[in-house]
Number of protein chains: 2
Amino acid sequence: MDSTEATGRLLEAAEDLFYAHGVQAVGMDAVRERSGVSLKRLYQCFPAKNDLVEAYLLRRDERWRGSLREFVHARGDDPLAVFAWLKNWFAEPGFRGCAFINSFGEFGEPAPGIAAAIRKHKDEVRAYLRGLVPGQDTADQLFALVEGATVLAAITGNPGEADTAREAAKVLLAAQG
Amino acid sequence: MDSTEATGRLLEAAEDLFYAHGVQAVGMDAVRERSGVSLKRLYQCFPAKNDLVEAYLLRRDERWRGSLREFVHARGDDPLAVFAWLKNWFAEPGFRGCAFINSFGEFGEPAPGIAAAIRKHKDEVRAYLRGLVPGQDTADQLFALVEGATVLAAITGNPGEADTAREAAKVLLAAQG
DNA sequence: CAAGACGGAGAACGTGCGTTCTCCGTCACT
DNA sequence: AGTGACGGAGAACGCACGTTCTCCGTCTTG
């Protein structure tokens, strides 16, 4: 197994474990066991846990936004499709809310790289919505609905929060024209 | 110092420290130091850290909702006053987002009492908004806006997220009638 | 004053975990 | 075959922290 495959396996294991149980609750030994990569190589690829966490967040950001973008684009870039995608996500087994919001809660004073990854994710999502919706104010309003629905779906376990947000988004888009 | 004053001091210290730095980042020794209560008595009042965390959340829920209710009531129970209150909160020094969302992120599998306290808070806030707004669907939509604005204000540090949510709420309330 | 319950300060214990070290087998190269 | 670099398995180390224990002074009560 070469070094690039090792990092791939490590990121895969890290994402599964960190998202499912929280970053702090998962030890480096659990990542090693799940990935099948030895501790020595783990620390060659990621000199400290913080580095692995940062890479996990950056990768999850890319994949999460990629999945959303693809889904919405296949529906003619209809802003309301965002909420259909959300509902699917909320209903997935193992859904535990937004990894970035959860990480923000976990780390009172996050390492700079981790804080930057969290902010970057939110900035990118906001920029994506602004590109999707005519009118920056409306886009930002939809963004708040997306975040609120995600948080509430995670805490209550009810994927229907996506429908509530969708109805609100429909009204806001109609009002904007 | 009797036992009831000790629990008061402990809860005060716990709230300050847990909210500011996160629950996991604060040791029982820090609570002892801040409160001036000895470890022995601390463990008499709260047999385990989980008990203190649960009490912290329950107390914060009461105070947070009390402050919101009072502010909004003084403004004729105008639903939009909720967002004015939010903006004040977001602008407070030391604002770090919603304690309950943060705790949800901190504990991948929270102790039952903690999970219940988190859900209770969100249920109570939702019920409060439903009492404030004619139309349950609209109330739930405002709730999503409140949660989204809180999360975004915490991550971006921008209290203006409250204004964005307020504009959206105004449109939704007008559409509802 | 004597005796014992109470409370505080802080040491001590056990555990978990991030990180590093040790040891040993394996493979490439001469 | 001999040798030396490499990699894996897992022990070891250091530290932080939740929880408990020890010791000692104080205050109440007869």
# chains A, B, ... in the order shown; residues from 1 in each chain; ligands from 1
call {"tool": "residues_around", "arguments": {"residues": "Leu42 of chain A", "least_positions_apart": "3", "cutoff": "12 Å", "atoms": "only C-alpha atoms (C1' of nucleotides)", "output": "compact mmCIF listing (two decimals) with C-alpha atoms (C1' of nucleotides), in the first residue's frame"}}
result
# COMPACT_ATOMS: atom_id res chain seq x y z
CA ASP A 2 1.58 3.29 -1.06
CA SER A 3 1.27 6.60 0.65
CA THR A 4 -1.52 8.03 -1.50
CA GLU A 5 -3.71 4.99 -0.96
CA ALA A 6 -3.00 5.22 2.76
CA THR A 7 -4.20 8.82 2.90
CA GLY A 8 -7.29 7.84 0.97
CA ARG A 9 -8.13 5.05 3.37
CA LEU A 10 -7.41 7.31 6.32
CA LEU A 11 -9.68 10.05 5.08
CA ALA A 13 -12.17 6.07 7.86
CA ALA A 14 -11.85 9.48 9.46
CA MET A 28 -6.41 7.80 16.51
CA ASP A 29 -6.42 4.09 17.29
CA ALA A 30 -9.96 3.77 16.01
CA VAL A 31 -8.94 5.48 12.77
CA ARG A 32 -6.02 3.09 12.47
CA GLU A 33 -8.19 0.05 13.03
CA ARG A 34 -10.90 1.14 10.62
CA SER A 35 -8.49 2.19 7.89
CA GLY A 36 -6.08 -0.72 8.22
CA VAL A 37 -3.22 1.76 8.09
CA SER A 38 -0.50 1.46 10.71
CA LEU A 39 -0.05 4.19 13.29
CA CYS A 45 0.53 11.26 6.39
CA PHE A 46 -0.95 13.47 9.11
CA PRO A 47 1.60 14.61 11.71
CA ALA A 48 -1.11 15.40 14.26
CA LYS A 49 -4.77 14.71 14.76
CA ASP A 51 -4.20 17.83 10.49
CA LEU A 52 -6.41 14.83 9.93
C1' DT C 19 2.18 10.72 20.26
C1' DG D 7 7.07 -0.88 7.33
C1' DG D 8 3.94 -3.05 10.67
call {"tool": "select_by_dssp", "arguments": {"residues": "chain A", "states": "helix (DSSP H, G or I)", "output": "ChimeraX atom specification"}}
result
/A:3-21,28-35,39-45,49-73,81-91,99-106,112-132,136-156,161-176
call {"tool": "atom_distance", "arguments": {"atom1": "atom CA of Glu124 of chain B", "atom2": "atom CA of Ala154 of chain A"}}
result
16.5 Å
call {"tool": "closest_atom_pairs", "arguments": {"of": "chain D", "to": "chain B", "cutoff": "10 Å", "atoms": "only C-alpha atoms (C1' of nucleotides)", "output": "tab-separated table"}}
result
residue	atom	partner	partner_atom	distance
D:DA16	C1'	B:Gly27	CA	9.1
D:DC17	C1'	B:Gly27	CA	6.5
D:DG18	C1'	B:Met28	CA	7.5
D:DT19	C1'	B:Ala48	CA	8.3
D:DT20	C1'	B:Lys40	CA	9.4
call {"tool": "write_last_selection", "arguments": {"atoms": "C-alpha atoms (C1' of nucleotides)", "output": "compact mmCIF listing (two decimals), in the first residue's frame"}}
result
# COMPACT_ATOMS: atom_id res chain seq x y z
C1' DA D 16 -5.27 15.58 31.29
C1' DC D 17 -9.18 14.82 33.75
C1' DG D 18 -13.21 12.57 36.36
C1' DT D 19 -13.58 10.79 40.70
C1' DT D 20 -12.17 9.37 45.36
call {"tool": "residues_around", "arguments": {"residues": "Glu147 of chain B", "least_positions_apart": "4", "cutoff": "9 Å", "atoms": "only C-alpha atoms (C1' of nucleotides)", "output": "VMD selection string"}}
result
(chain A and resid 144 to 145 147 to 149 151 to 152) or (chain B and resid 98 142 to 143 151 to 152)
call {"tool": "write_last_selection", "arguments": {"atoms": "C-alpha atoms", "output": "PDB file, in the first residue's frame"}}
result
ATOM      1  CA  ALA A 144     -30.504  30.762   6.868  1.00  0.00           C
ATOM      2  CA  LEU A 145     -33.398  28.410   6.142  1.00  0.00           C
ATOM      3  CA  GLU A 147     -28.926  25.970   8.153  1.00  0.00           C
ATOM      4  CA  GLY A 148     -31.938  26.114  10.415  1.00  0.00           C
ATOM      5  CA  ALA A 149     -33.585  23.117   8.809  1.00  0.00           C
ATOM      6  CA  VAL A 151     -29.924  21.886  12.762  1.00  0.00           C
ATOM      7  CA  LEU A 152     -33.531  21.115  13.601  1.00  0.00           C
TER       8      LEU A 152
ATOM      9  CA  CYS B  98     -26.667  28.367  20.816  1.00  0.00           C
ATOM     10  CA  LEU B 142     -39.668  31.475  11.622  1.00  0.00           C
ATOM     11  CA  PHE B 143     -38.162  28.895  13.932  1.00  0.00           C
ATOM     12  CA  VAL B 151     -25.698  29.257  13.663  1.00  0.00           C
ATOM     13  CA  LEU B 152     -24.456  31.619  10.987  1.00  0.00           C
TER      14      LEU B 152
END
call {"tool": "closest_atom_pairs", "arguments": {"of": "chain C", "to": "chain A", "cutoff": "10 Å", "atoms": "only C-alpha atoms (C1' of nucleotides)", "output": "CSV"}}
result
residue,atom,partner,partner_atom,distance
C:DG16,C1',A:Gly27,CA,9.2
C:DC17,C1',A:Gly27,CA,6.6
C:DG18,C1',A:Met28,CA,7.5
C:DT19,C1',A:Ala48,CA,8.3
C:DT20,C1',A:Lys40,CA,9.4
